[in-house]
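As provided, upload.txt (compact mmCIF, C-alpha atoms and all ligand atoms) reads as follows.
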```txt
# COMPACT_ATOMS: atom_id res chain seq x y z
CA MET X 1 16.18 12.26 10.37
CA GLU X 2 13.91 9.23 10.82
CA GLU X 3 13.51 10.08 14.49
CA GLU X 4 12.52 13.66 13.65
CA THR X 5 10.05 12.53 11.02
CA ALA X 6 8.47 10.11 13.48
CA LYS X 7 7.87 13.00 15.90
CA LEU X 8 6.02 15.07 13.27
CA PRO X 9 2.28 15.40 13.60
CA LEU X 10 2.07 15.31 9.81
CA PRO X 11 -0.26 12.90 8.00
CA ASP X 12 1.22 10.19 5.77
CA THR X 13 -0.21 11.75 2.60
CA PHE X 14 1.69 14.98 3.33
CA LEU X 15 4.90 13.09 4.11
CA GLU X 16 4.54 11.28 0.79
CA PHE X 17 4.03 14.63 -0.92
CA LEU X 18 7.22 15.97 0.70
CA GLN X 19 9.17 12.89 -0.34
CA THR X 20 7.92 13.09 -3.94
CA ASN X 21 8.95 16.72 -4.10
CA GLY X 22 12.32 16.23 -2.43
CA ILE X 23 11.34 18.47 0.52
CA ASP X 24 13.05 17.75 3.83
CA PRO X 25 10.32 17.06 6.43
CA SER X 26 12.59 18.32 9.22
CA ILE X 27 11.72 21.91 8.21
CA TYR X 28 8.34 21.52 9.94
CA PRO X 29 9.51 20.67 13.47
CA ALA X 30 11.95 23.57 13.02
CA ILE X 31 8.95 25.83 13.75
CA GLU X 32 9.83 25.38 17.42
CA THR X 33 13.13 27.18 16.89
CA THR X 34 12.59 29.35 13.80
CA PRO X 35 12.43 32.98 14.93
CA ARG X 36 9.64 35.38 14.09
CA TYR X 37 10.61 38.58 12.33
CA ILE X 38 9.51 42.18 12.39
CA ARG X 39 10.42 45.12 10.22
CA LEU X 40 10.57 48.58 11.69
CA LYS X 41 8.50 51.27 10.09
CA PRO X 42 11.10 53.80 8.90
CA GLY X 43 11.31 56.52 11.54
CA SER X 44 10.67 54.12 14.44
CA GLU X 45 14.36 53.36 15.05
CA ALA X 46 14.39 55.76 18.00
CA TYR X 47 11.74 53.67 19.77
CA ILE X 48 13.58 50.33 19.82
CA GLU X 49 13.87 50.25 23.61
CA ASP X 50 10.19 51.11 24.06
CA ILE X 51 9.26 48.41 21.54
CA GLU X 52 11.39 45.86 23.42
CA ALA X 53 9.72 46.83 26.69
CA GLU X 54 6.24 46.52 25.15
CA ILE X 55 6.78 43.14 23.53
CA LYS X 56 8.88 41.98 26.49
CA CYS X 57 11.87 40.67 24.58
CA LYS X 58 15.15 41.82 23.11
CA LEU X 59 15.17 42.49 19.38
CA GLN X 60 18.01 40.86 17.45
CA LYS X 61 19.11 42.86 14.42
CA VAL X 62 19.11 40.78 11.22
CA ASN X 63 22.50 41.76 9.88
CA TRP X 64 21.81 40.74 6.29
CA LEU X 65 18.47 42.57 6.04
CA PRO X 66 18.22 46.28 6.85
CA GLY X 67 15.36 47.24 9.17
CA PHE X 68 14.58 43.63 10.20
CA TYR X 69 14.78 42.14 13.69
CA SER X 70 14.21 38.60 14.92
CA LEU X 71 12.21 37.58 17.99
CA PRO X 72 11.88 34.26 19.78
CA PRO X 73 9.26 32.06 18.05
CA HIS X 74 6.73 32.18 20.91
CA ILE X 75 6.44 35.99 20.96
CA GLN X 76 3.14 37.30 19.57
CA ILE X 77 3.07 40.90 18.40
CA ALA X 78 -0.52 41.31 17.18
CA ASN X 79 -1.83 42.69 20.48
CA SER X 80 1.20 44.80 21.26
CA LYS X 81 1.12 48.59 21.33
CA PRO X 82 3.95 49.16 18.77
CA TYR X 83 2.14 46.87 16.30
CA LYS X 84 -1.21 48.58 16.83
CA GLU X 85 0.48 51.98 16.52
CA GLY X 86 2.07 51.02 13.20
CA LYS X 87 5.70 51.10 14.40
CA ILE X 88 6.41 47.48 13.47
CA TYR X 89 5.32 45.08 10.72
CA GLY X 90 5.14 41.32 11.07
CA ILE X 91 6.97 40.00 7.97
CA ASP X 92 9.26 37.03 7.49
CA ALA X 93 12.89 37.75 6.63
CA ALA X 94 12.67 35.63 3.45
CA SER X 95 9.81 37.87 2.25
CA GLY X 96 12.00 40.87 2.95
CA ALA X 97 14.73 39.28 0.84
CA ALA X 98 12.32 38.85 -2.10
CA VAL X 99 11.59 42.59 -1.97
CA LEU X 100 15.30 43.48 -1.66
CA ALA X 101 15.98 41.32 -4.71
CA LEU X 102 13.97 43.86 -6.72
CA ASP X 103 16.74 46.38 -6.00
CA ILE X 104 14.32 49.28 -5.81
CA SER X 105 15.70 52.71 -6.66
CA VAL X 106 14.27 56.13 -5.92
CA GLY X 107 11.58 57.00 -8.46
CA ASP X 108 10.86 53.43 -9.59
CA HIS X 109 7.37 52.53 -10.73
CA VAL X 110 6.68 49.14 -9.20
CA LEU X 111 3.97 46.59 -9.94
CA ASP X 112 3.04 44.01 -7.29
CA LEU X 113 0.85 41.54 -9.18
CA CYS X 114 -0.31 39.34 -6.25
CA ALA X 115 -0.23 42.00 -3.60
CA ALA X 116 -2.55 40.98 -0.77
CA PRO X 117 -2.49 41.05 2.17
CA GLY X 118 0.37 43.45 1.52
CA ALA X 119 3.42 42.99 3.76
CA LYS X 120 5.72 43.18 0.73
CA LEU X 121 3.78 46.03 -0.85
CA CYS X 122 4.20 48.11 2.33
CA MET X 123 7.93 47.42 2.30
CA ILE X 124 8.15 48.48 -1.35
CA SER X 125 6.26 51.66 -0.55
CA ASP X 126 8.51 52.42 2.44
CA LEU X 127 11.60 51.92 0.25
CA LEU X 128 10.24 54.36 -2.33
CA GLY X 129 9.35 57.04 0.22
CA ASP X 130 7.57 59.80 -1.63
CA SER X 131 9.03 58.94 -5.05
CA GLY X 132 7.82 56.70 -7.89
CA SER X 133 4.70 54.60 -7.45
CA VAL X 134 3.43 51.18 -6.39
CA THR X 135 0.55 49.45 -8.12
CA GLY X 136 -0.89 46.56 -6.14
CA VAL X 137 -3.13 44.01 -7.87
CA ASP X 138 -4.99 41.09 -6.38
CA ILE X 139 -7.96 39.03 -7.48
CA ALA X 140 -9.41 38.60 -3.98
CA ARG X 141 -11.47 41.58 -2.90
CA HIS X 142 -11.40 40.86 0.84
CA ARG X 143 -7.64 40.31 0.82
CA LEU X 144 -6.97 43.52 -1.11
CA ALA X 145 -9.27 45.40 1.27
CA ALA X 146 -7.02 44.14 4.09
CA CYS X 147 -4.05 45.48 2.12
CA ARG X 148 -5.73 48.90 1.91
CA THR X 149 -6.30 48.83 5.68
CA MET X 150 -2.63 48.03 6.17
CA LEU X 151 -1.52 50.94 3.95
CA GLN X 152 -3.77 53.28 5.91
CA LYS X 153 -2.64 51.97 9.29
CA TYR X 154 1.02 52.49 8.42
CA ALA X 155 0.38 55.72 6.46
CA SER X 156 2.30 54.11 3.59
CA GLY X 157 -0.22 54.62 0.81
CA ASP X 158 0.71 57.98 -0.65
CA VAL X 159 2.34 56.61 -3.81
CA CYS X 160 0.15 53.49 -3.98
CA ARG X 161 -2.90 52.42 -5.93
CA LEU X 162 -4.76 49.14 -5.53
CA PHE X 163 -6.74 47.30 -8.21
CA ILE X 164 -8.95 44.25 -7.84
CA ALA X 165 -8.01 42.44 -11.02
CA ASP X 166 -6.84 39.22 -12.53
CA GLY X 167 -3.05 39.50 -12.67
CA THR X 168 -2.92 37.24 -15.73
CA THR X 169 -4.65 39.91 -17.84
CA PHE X 170 -4.01 43.17 -15.94
CA SER X 171 -2.82 45.83 -18.41
CA ILE X 172 -2.75 49.22 -16.72
CA MET X 173 0.47 51.17 -17.12
CA PRO X 174 2.20 53.26 -14.45
CA VAL X 175 1.53 57.00 -14.48
CA ARG X 176 4.91 58.43 -15.34
CA ASP X 177 3.71 61.94 -16.06
CA HIS X 178 2.04 63.52 -13.04
CA SER X 179 1.55 66.86 -14.77
CA HIS X 180 -2.19 66.23 -15.10
CA SER X 181 -2.57 66.35 -11.33
CA ILE X 182 -1.32 69.92 -11.19
CA SER X 183 -2.85 71.25 -14.39
CA CYS X 184 -6.07 73.09 -13.53
CA GLU X 185 -6.97 73.45 -17.18
CA TYR X 186 -6.84 69.73 -17.70
CA ALA X 187 -8.76 69.05 -14.51
CA LEU X 188 -11.54 71.39 -15.63
CA GLU X 189 -11.79 69.86 -19.08
CA GLU X 190 -12.07 66.36 -17.69
CA LYS X 191 -14.12 67.31 -14.66
CA GLN X 192 -16.84 64.72 -15.12
CA ASP X 193 -14.44 61.91 -15.70
CA THR X 194 -11.57 62.77 -13.40
CA PHE X 195 -10.33 61.13 -10.22
CA ARG X 196 -10.48 63.47 -7.26
CA GLU X 197 -8.64 62.98 -3.99
CA TRP X 198 -9.36 59.50 -2.65
CA SER X 199 -11.78 59.24 0.22
CA SER X 200 -13.13 56.24 2.08
CA ARG X 201 -16.53 57.93 1.80
CA ARG X 202 -17.25 57.23 -1.86
CA PRO X 203 -20.10 59.16 -3.51
CA TRP X 204 -23.45 57.37 -3.19
CA LYS X 205 -23.61 56.53 -6.89
CA GLU X 206 -20.19 54.88 -6.82
CA ARG X 207 -20.97 52.87 -3.69
CA LYS X 208 -24.19 51.64 -5.27
CA ARG X 209 -22.33 50.61 -8.43
CA ALA X 210 -19.63 48.83 -6.42
CA ALA X 211 -22.26 46.99 -4.38
CA ARG X 212 -23.98 45.88 -7.61
CA ALA X 213 -20.64 44.71 -9.03
CA ARG X 214 -19.99 42.74 -5.84
CA GLU X 215 -23.37 41.04 -6.08
CA HIS X 216 -22.71 40.03 -9.66
CA ALA X 217 -19.14 38.93 -9.17
CA ALA X 218 -19.12 35.17 -8.78
CA SER X 219 -17.65 34.90 -5.25
CA ILE X 220 -14.24 36.62 -5.39
CA VAL X 221 -13.48 36.34 -9.07
CA VAL X 222 -13.25 39.45 -11.24
CA SER X 223 -15.07 39.49 -14.54
CA GLU X 224 -12.57 39.71 -17.36
CA THR X 225 -14.69 42.15 -19.33
CA ASP X 226 -14.84 44.75 -16.53
CA HIS X 227 -12.21 47.37 -15.93
CA PRO X 228 -10.14 46.51 -12.88
CA GLU X 229 -11.76 48.11 -9.85
CA LEU X 230 -9.61 50.77 -8.23
CA ILE X 231 -10.20 50.45 -4.47
CA PHE X 232 -7.55 52.87 -3.24
CA TYR X 233 -5.14 55.49 -4.52
CA GLY X 234 -2.82 57.82 -2.66
CA GLN X 235 -2.41 61.53 -3.20
CA ALA X 236 0.93 61.04 -5.01
CA SER X 237 0.04 57.84 -6.90
CA GLY X 238 -0.55 59.75 -10.13
CA VAL X 239 -4.26 58.94 -10.14
CA VAL X 240 -5.60 62.22 -8.73
CA GLY X 241 -6.46 64.46 -11.66
CA LEU X 242 -6.26 61.62 -14.16
CA SER X 243 -9.26 60.85 -16.35
CA LYS X 244 -10.73 57.36 -16.38
CA THR X 245 -9.99 57.15 -20.10
CA GLU X 246 -6.34 57.92 -19.37
CA LEU X 247 -6.12 55.43 -16.52
CA TYR X 248 -7.59 52.57 -18.50
CA ARG X 249 -5.88 53.47 -21.80
CA ILE X 250 -4.72 50.49 -23.81
CA VAL X 251 -1.08 50.81 -24.82
CA SER X 252 0.96 49.18 -27.56
CA SER X 253 3.77 46.75 -26.75
CA SER X 254 6.35 49.26 -27.97
CA GLU X 255 5.03 51.79 -25.45
CA VAL X 256 5.29 49.16 -22.72
CA SER X 257 8.95 48.61 -23.66
CA SER X 258 9.71 52.23 -22.83
CA TYR X 259 7.07 53.22 -20.31
CA GLY X 260 6.22 49.96 -18.56
CA TYR X 261 7.03 49.25 -14.92
CA ASP X 262 10.65 49.50 -13.74
CA LYS X 263 10.19 46.63 -11.28
CA VAL X 264 7.60 43.86 -11.04
CA LEU X 265 7.01 41.46 -8.16
CA VAL X 266 5.08 38.25 -8.90
CA ASP X 267 4.64 36.67 -5.46
CA ALA X 268 2.45 34.01 -6.96
CA GLU X 269 -0.43 32.04 -5.51
CA CYS X 270 0.91 28.61 -4.49
CA THR X 271 0.33 25.68 -2.16
CA HIS X 272 2.17 27.48 0.72
CA ASP X 273 3.87 24.22 1.70
CA GLY X 274 7.09 26.09 2.55
CA SER X 275 5.31 28.34 5.01
CA ILE X 276 5.74 26.34 8.20
CA ARG X 277 3.34 28.51 10.18
CA HIS X 278 0.69 28.06 7.47
CA ILE X 279 1.10 24.28 7.54
CA GLN X 280 0.89 24.35 11.35
CA LYS X 281 -2.61 25.89 11.00
CA PHE X 282 -3.87 22.59 9.54
CA GLU X 283 -3.69 21.21 13.08
CA HIS X 284 -6.69 23.47 13.79
CA TRP X 285 -8.33 23.36 10.35
CA GLY X 286 -8.13 19.57 10.24
CA TRP X 287 -5.47 17.65 8.31
CA GLU X 288 -8.13 16.35 5.90
CA THR X 289 -8.43 19.89 4.43
CA LEU X 290 -4.76 19.67 3.46
CA ASP X 291 -5.75 17.30 0.66
CA ASP X 292 -7.72 19.98 -1.16
CA ARG X 293 -5.60 22.99 -0.34
CA VAL X 294 -2.13 21.54 -0.87
CA LEU X 295 -1.91 17.99 -2.16
CA ASN X 296 -4.55 18.05 -4.89
CA ALA X 297 -3.70 21.63 -5.80
CA GLU X 298 -0.06 20.66 -6.32
CA ARG X 299 -1.04 17.73 -8.48
CA SER X 300 -3.31 19.85 -10.65
CA ASP X 301 -1.94 21.71 -13.65
CA ILE X 302 -4.21 24.64 -12.90
CA LEU X 303 -1.91 26.11 -10.30
CA THR X 304 1.29 25.91 -12.32
CA THR X 305 -0.54 27.26 -15.38
CA LEU X 306 -1.73 30.20 -13.25
CA GLN X 307 1.82 30.80 -11.98
CA LEU X 308 3.22 30.78 -15.51
CA LYS X 309 0.49 33.15 -16.72
CA LEU X 310 1.09 35.57 -13.83
CA LEU X 311 4.82 35.52 -14.51
CA THR X 312 4.29 36.00 -18.26
CA ASN X 313 1.88 38.90 -17.83
CA GLY X 314 4.02 40.56 -15.14
CA PHE X 315 6.97 40.35 -17.51
CA ARG X 316 4.90 41.76 -20.39
CA LEU X 317 4.25 44.89 -18.30
CA LEU X 318 7.96 45.43 -17.54
CA ARG X 319 9.97 48.04 -19.46
CA VAL X 320 13.10 46.97 -21.29
CA GLY X 321 15.95 46.91 -18.76
CA GLY X 322 13.55 46.49 -15.84
CA SER X 323 13.63 43.63 -13.32
CA LEU X 324 11.04 41.10 -12.25
CA VAL X 325 11.15 38.91 -9.15
CA TYR X 326 9.14 35.69 -9.09
CA SER X 327 8.60 34.13 -5.68
CA THR X 328 6.46 31.44 -4.08
CA CYS X 329 6.24 30.07 -0.56
CA SER X 330 6.11 26.56 -1.99
CA LEU X 331 9.26 24.46 -2.06
CA THR X 332 8.13 22.10 -4.84
CA VAL X 333 10.12 22.08 -8.07
CA SER X 334 6.96 22.09 -10.17
CA GLN X 335 5.85 25.51 -8.86
CA ASN X 336 9.31 27.03 -9.00
CA GLU X 337 12.15 25.79 -11.22
CA ASP X 338 9.74 24.13 -13.67
CA VAL X 339 7.75 27.37 -14.04
CA VAL X 340 11.00 29.32 -14.51
CA GLU X 341 12.20 26.88 -17.18
CA ARG X 342 8.92 26.96 -19.09
CA PHE X 343 8.87 30.75 -18.92
CA LEU X 344 12.45 31.12 -20.20
CA LYS X 345 11.68 28.75 -23.06
CA GLU X 346 8.71 30.88 -24.14
CA SER X 347 10.18 34.35 -23.56
CA SER X 348 13.15 35.24 -25.70
CA SER X 349 13.54 38.66 -24.05
CA ALA X 350 13.80 37.21 -20.53
CA GLU X 351 17.16 36.61 -18.87
CA LEU X 352 17.63 35.02 -15.46
CA ARG X 353 19.77 37.28 -13.26
CA GLU X 354 22.05 36.76 -10.32
CA ILE X 355 20.66 38.38 -7.17
CA VAL X 356 23.75 40.33 -6.20
CA ALA X 357 22.73 41.09 -2.60
CA ALA X 358 22.20 37.37 -1.98
CA LYS X 359 25.92 36.69 -1.50
CA ASP X 360 25.35 37.59 2.18
CA TRP X 361 22.00 35.81 2.56
CA PRO X 362 21.62 32.52 4.46
CA CYS X 363 19.94 30.63 1.65
CA LYS X 364 20.88 28.01 -0.91
CA SER X 365 20.72 27.82 -4.67
CA GLY X 366 17.63 26.38 -6.33
CA ARG X 367 17.98 23.58 -8.89
CA ILE X 368 18.59 26.25 -11.53
CA PRO X 369 21.70 28.36 -10.86
CA LYS X 370 20.92 31.97 -9.81
CA THR X 371 17.59 30.96 -8.25
CA LEU X 372 17.39 30.89 -4.44
CA ARG X 373 15.69 28.79 -1.79
CA PHE X 374 15.10 29.81 1.80
CA ASP X 375 14.00 27.22 4.33
CA PRO X 376 13.80 27.08 8.14
CA VAL X 377 16.80 24.77 8.54
CA THR X 378 19.16 26.62 6.17
CA SER X 379 17.92 30.18 6.65
CA GLN X 380 16.06 30.28 9.98
CA THR X 381 13.16 31.74 7.98
CA SER X 382 9.99 30.44 6.41
CA GLY X 383 10.37 28.63 3.06
CA LEU X 384 10.58 30.77 -0.07
CA PHE X 385 11.76 30.36 -3.66
CA VAL X 386 13.07 33.47 -5.44
CA ALA X 387 14.11 34.05 -9.07
CA LYS X 388 15.00 37.33 -10.75
CA PHE X 389 14.71 38.21 -14.45
CA THR X 390 15.55 41.18 -16.56
CA LYS X 391 13.98 42.24 -19.86
CA LEU X 392 16.27 42.46 -22.83
CA ALA X 393 15.61 44.53 -25.95
CA VAL X 394 14.95 42.08 -28.80
C1 LIG T 401 1.24 34.44 -1.80
S1 LIG T 401 -0.13 35.49 -1.77
C2 LIG T 401 0.62 37.06 -1.94
C3 LIG T 401 1.20 37.62 -0.66
C4 LIG T 401 1.57 39.08 -0.77
N1 LIG T 401 2.54 39.32 -1.83
C5 LIG T 401 2.11 39.64 0.53
O1 LIG T 401 3.32 39.89 0.64
O2 LIG T 401 1.32 39.85 1.45
C6 LIG T 401 -0.82 35.22 -3.35
C7 LIG T 401 -1.95 36.16 -3.69
O3 LIG T 401 -2.28 35.93 -5.07
C8 LIG T 401 -3.64 36.26 -5.23
N2 LIG T 401 -4.08 35.73 -6.54
C9 LIG T 401 -4.47 34.47 -6.87
N3 LIG T 401 -4.78 34.40 -8.17
C10 LIG T 401 -4.58 35.63 -8.68
C11 LIG T 401 -4.74 36.20 -9.96
N4 LIG T 401 -5.14 35.48 -11.01
N5 LIG T 401 -4.47 37.50 -10.12
C12 LIG T 401 -4.06 38.26 -9.07
N6 LIG T 401 -3.89 37.79 -7.83
C13 LIG T 401 -4.14 36.48 -7.64
C14 LIG T 401 -4.30 35.66 -4.00
O4 LIG T 401 -5.54 36.26 -3.77
C15 LIG T 401 -3.25 35.96 -2.92
O5 LIG T 401 -3.59 37.13 -2.24
```

Translate this file's structure into structure tokens.
Amino acid sequence: MEEETAKLPLPDTFLEFLQTNGIDPSIYPAIETTPRYIRLKPGSEAYIEDIEAEIKCKLQKVNWLPGFYSLPPHIQIANSKPYKEGKIYGIDAASGAAVLALDISVGDHVLDLCAAPGAKLCMISDLLGDSGSVTGVDIARHRLAACRTMLQKYASGDVCRLFIADGTTFSIMPVRDHSHSISCEYALEEKQDTFREWSSRRPWKERKRAARAREHAASIVVSETDHPELIFYGQASGVVGLSKTELYRIVSSSEVSSYGYDKVLVDAECTHDGSIRHIQKFEHWGWETLDDRVLNAERSDILTTLQLKLLTNGFRLLRVGGSLVYSTCSLTVSQNEDVVERFLKESSSAELREIVAAKDWPCKSGRIPKTLRFDPVTSQTSGLFVAKFTKLAV
């Protein structure tokens, strides 16, 4: 281990950080051998041989994760034809596992509270097909715009809607009743105030208003007093034909218990220290920037407070009996098990659940039983922490 650590190009401050957090530094050199992963767009199975020919390598099926294939670490897919044509997604297998942990069923209404840039949201949407709905929320406009581009590229957006919003206060319910979108009478009554089919060419007035909002928004942060800005909705997302009053309706907690989301993913903002490819980028960015983006951030309470708030609000929007998955690509205890413990202490209706599918996954248990940790050495994936909760009736 000492030999491996000595070979790392990691600065001492980061090594100290890893030691303090009980993180094995040998996960970083493992980048040389950790495979990359792709997920096939459903319907592209027939093109496997063409895809292999285009990216010039054999795809290895990931037996524990349907639709996923591994590639040697040096293979780049971004300029390949199948990637540009939307036949394959670049997504780590651990991220795929976090989505599978949600156990999505046909017709589910799913909330993805930190959605951008959207690899998991696309997977959720593909699992739903043309049933249910996906609501993606993110506070960063440019990142959520990239998510919209991804949905359009893969033609996966039909049941999706995307809101720029603060996930700690987001309150919009899923649209369970789509009858408004087929009722002409209703559409006529609400004509002035009703969402029509989404188009990238927004009416002039709306574009002007959005541009004004952008100017006023302090950098990327959304004003808490504004309604969340809807930047995309698909034809079957339940938004078409809905009035703005209906969309932004405030609901009581008892309504949420029955009509809230069936599944919620909180893939929370974190220090990304488990993402080996992210950490590798500091070689280009300059290791000194690691201090601000990882080390100081981890030391500050702001990040863990944000994570707890995102988890708490995501859980608030869940219906009774629904499931929530909390994940981060940090491997520190403070951003994972500690957040889970604080949340369970404060939320009497929350119960930590075993992730049943995980019996076949190459990961280990977190410090709290039923939570999971993926890392490059154990799992041959990027680092990820995953915990699953259900909402009890109290
Ligand atoms: C780990 S990334 C999510 C990755 C995403 N789930 C995916 O699969 O592509 C965390 C995201 O949280 C967003 N974020 C940070 N603070 C937020 C907040 N208060 N509300 C909503 N999103 C937030 C960031 O902009 C970032 O896009």

Practice item. Around the point (5.3, 39.8, -8.9) in the file's coordinates, collect all residues with an atom within 10 Å, using only C-alpha atoms, and return them as a list in words. Key: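 Here is the list of nearby residues: Ala98, Val99, Leu102, Val110, Leu111, Asp112, Leu113, Cys114, Ala115, Gly136, Val137, Gly167, Lys263, Val264, Leu265, Val266, Asp267, Ala268, Leu310, Leu311, Asn313, Gly314, Phe315, Leu324, Val325, Tyr326, Ser327 and Thr328 of chain X.
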
Once you have the residues from the selection above, write them out as a tab-separated table (two decimals), in the coordinates of the input, restricted to C-alpha atoms.
```tsv
chain	number	residue	atom	x	y	z
X	98	ALA	CA	12.32	38.85	-2.10
X	99	VAL	CA	11.59	42.59	-1.97
X	102	LEU	CA	13.97	43.86	-6.72
X	110	VAL	CA	6.68	49.14	-9.20
X	111	LEU	CA	3.97	46.59	-9.94
X	112	ASP	CA	3.04	44.01	-7.29
X	113	LEU	CA	0.85	41.54	-9.18
X	114	CYS	CA	-0.31	39.34	-6.25
X	115	ALA	CA	-0.23	42.00	-3.60
X	136	GLY	CA	-0.89	46.56	-6.14
X	137	VAL	CA	-3.13	44.01	-7.87
X	167	GLY	CA	-3.05	39.50	-12.67
X	263	LYS	CA	10.19	46.63	-11.28
X	264	VAL	CA	7.60	43.86	-11.04
X	265	LEU	CA	7.01	41.46	-8.16
X	266	VAL	CA	5.08	38.25	-8.90
X	267	ASP	CA	4.64	36.67	-5.46
X	268	ALA	CA	2.45	34.01	-6.96
X	310	LEU	CA	1.09	35.57	-13.83
X	311	LEU	CA	4.82	35.52	-14.51
X	313	ASN	CA	1.88	38.90	-17.83
X	314	GLY	CA	4.02	40.56	-15.14
X	315	PHE	CA	6.97	40.35	-17.51
X	324	LEU	CA	11.04	41.10	-12.25
X	325	VAL	CA	11.15	38.91	-9.15
X	326	TYR	CA	9.14	35.69	-9.09
X	327	SER	CA	8.60	34.13	-5.68
X	328	THR	CA	6.46	31.44	-4.08
```

Kindly list the centre and edge lengths in Å, rounded to one decimal, for the axis-aligned box that covers all listed atoms of ligand LIG 401 (chain T) plus 3 Å on each of its six sides, as AutoDock Vina command-line options.
```
--center_x -1.1 --center_y 37.1 --center_z -4.8 --size_x 14.9 --size_y 11.5 --size_z 18.5
```

Please, which residues are within 9 Å of (9.2, 40.4, 23.4) by the file's coordinates, counting only C-alpha atoms, and could they come as a CSV table (one decimal) with C-alpha atoms, in the coordinates of the input?
```csv
chain,number,residue,atom,x,y,z
X,51,ILE,CA,9.3,48.4,21.5
X,52,GLU,CA,11.4,45.9,23.4
X,53,ALA,CA,9.7,46.8,26.7
X,54,GLU,CA,6.2,46.5,25.2
X,55,ILE,CA,6.8,43.1,23.5
X,56,LYS,CA,8.9,42.0,26.5
X,57,CYS,CA,11.9,40.7,24.6
X,58,LYS,CA,15.2,41.8,23.1
X,59,LEU,CA,15.2,42.5,19.4
X,71,LEU,CA,12.2,37.6,18.0
X,72,PRO,CA,11.9,34.3,19.8
X,74,HIS,CA,6.7,32.2,20.9
X,75,ILE,CA,6.4,36.0,21.0
X,76,GLN,CA,3.1,37.3,19.6
X,77,ILE,CA,3.1,40.9,18.4
```

Practice item. Please provide as a PyMOL selection string all residues within 9 Å of Ser379 in chain X, with the sequence filter that same-chain residues fewer than 2 positions apart are discarded (counting all atoms listed in the file). Key: chain X and resi 34+94+361-364+373-377+381-383

Residue selection dump (C-alpha atoms) as a PDB file, in the frame of the given file:
```pdb
ATOM      1  CA  THR X  34      12.590  29.350  13.800  1.00  0.00           C
ATOM      2  CA  ALA X  94      12.670  35.630   3.450  1.00  0.00           C
ATOM      3  CA  TRP X 361      22.000  35.810   2.560  1.00  0.00           C
ATOM      4  CA  PRO X 362      21.620  32.520   4.460  1.00  0.00           C
ATOM      5  CA  CYS X 363      19.940  30.630   1.650  1.00  0.00           C
ATOM      6  CA  LYS X 364      20.880  28.010  -0.910  1.00  0.00           C
ATOM      7  CA  ARG X 373      15.690  28.790  -1.790  1.00  0.00           C
ATOM      8  CA  PHE X 374      15.100  29.810   1.800  1.00  0.00           C
ATOM      9  CA  ASP X 375      14.000  27.220   4.330  1.00  0.00           C
ATOM     10  CA  PRO X 376      13.800  27.080   8.140  1.00  0.00           C
ATOM     11  CA  VAL X 377      16.800  24.770   8.540  1.00  0.00           C
ATOM     12  CA  THR X 381      13.160  31.740   7.980  1.00  0.00           C
ATOM     13  CA  SER X 382       9.990  30.440   6.410  1.00  0.00           C
ATOM     14  CA  GLY X 383      10.370  28.630   3.060  1.00  0.00           C
TER      15      GLY X 383
END
```

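Computed from the coordinates, the atom C7 of ligand LIG 401 (chain T) to CA of Glu269 in chain X distance equals 4.8 Å.
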
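Using all atoms listed in the file for every distance, the candidate list X:Lys120, X:Arg319, X:Arg196, X:Lys87 yields X:Lys120 as the residue closest to ligand LIG 401 (chain T).
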
Study note, to complete from the structure: Between CA of Ser95 in chain X and CA of Leu308 in chain X lies a distance of 20.2 Å

Check your understanding: So, counting all atoms listed in the file, which residue among X:Ile302, X:Gly234, X:Asp177, X:Ala78 is closest to ligand LIG 401 (chain T)?
Key ->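 Closest to ligand LIG 401 (chain T) of all the choices is X:Ile302.
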
Study note, to complete from the structure: Nearest to Phe195 in chain X, restricted to all atoms listed in the file and choosing among X:Ala297, X:Ile279, X:Leu372, X:Val240, comes out as X:Val240

Review point. Nearest to ligand LIG 401 (chain T): which of X:Thr194, X:Ser171, X:Ser348, X:Ser252 is it, counting all atoms listed in the file?
Key: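 Counting all atoms listed in the file, the residue closest to ligand LIG 401 (chain T) is X:Ser171.
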
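The environment of Ser334 in chain X within 12 Å, counting only C-alpha atoms and disregarding residues fewer than 4 places along the same chain, consists of Thr20, Asn21, Gly22, Cys270, Thr271, Ala297, Glu298, Arg299, Ser300, Asp301, Ile302, Leu303, Thr304, Thr305, Gln307, Leu308, Thr328, Ser330, Asp338, Val339, Val340, Glu341, Arg342, Arg367 and Phe385 of chain X.
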
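With CA of Glu16 in chain X on one side and CA of Arg277 in chain X on the other, the separation reads 19.7 Å.
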
Check your understanding: With only C-alpha atoms as the basis for distance, which of X:Lys41, X:His227, X:Lys61, X:Arg212 is at the shortest distance from Tyr154 in chain X?
Key ->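 Ranked by minimum distance to Tyr154 in chain X, first place goes to X:Lys41.
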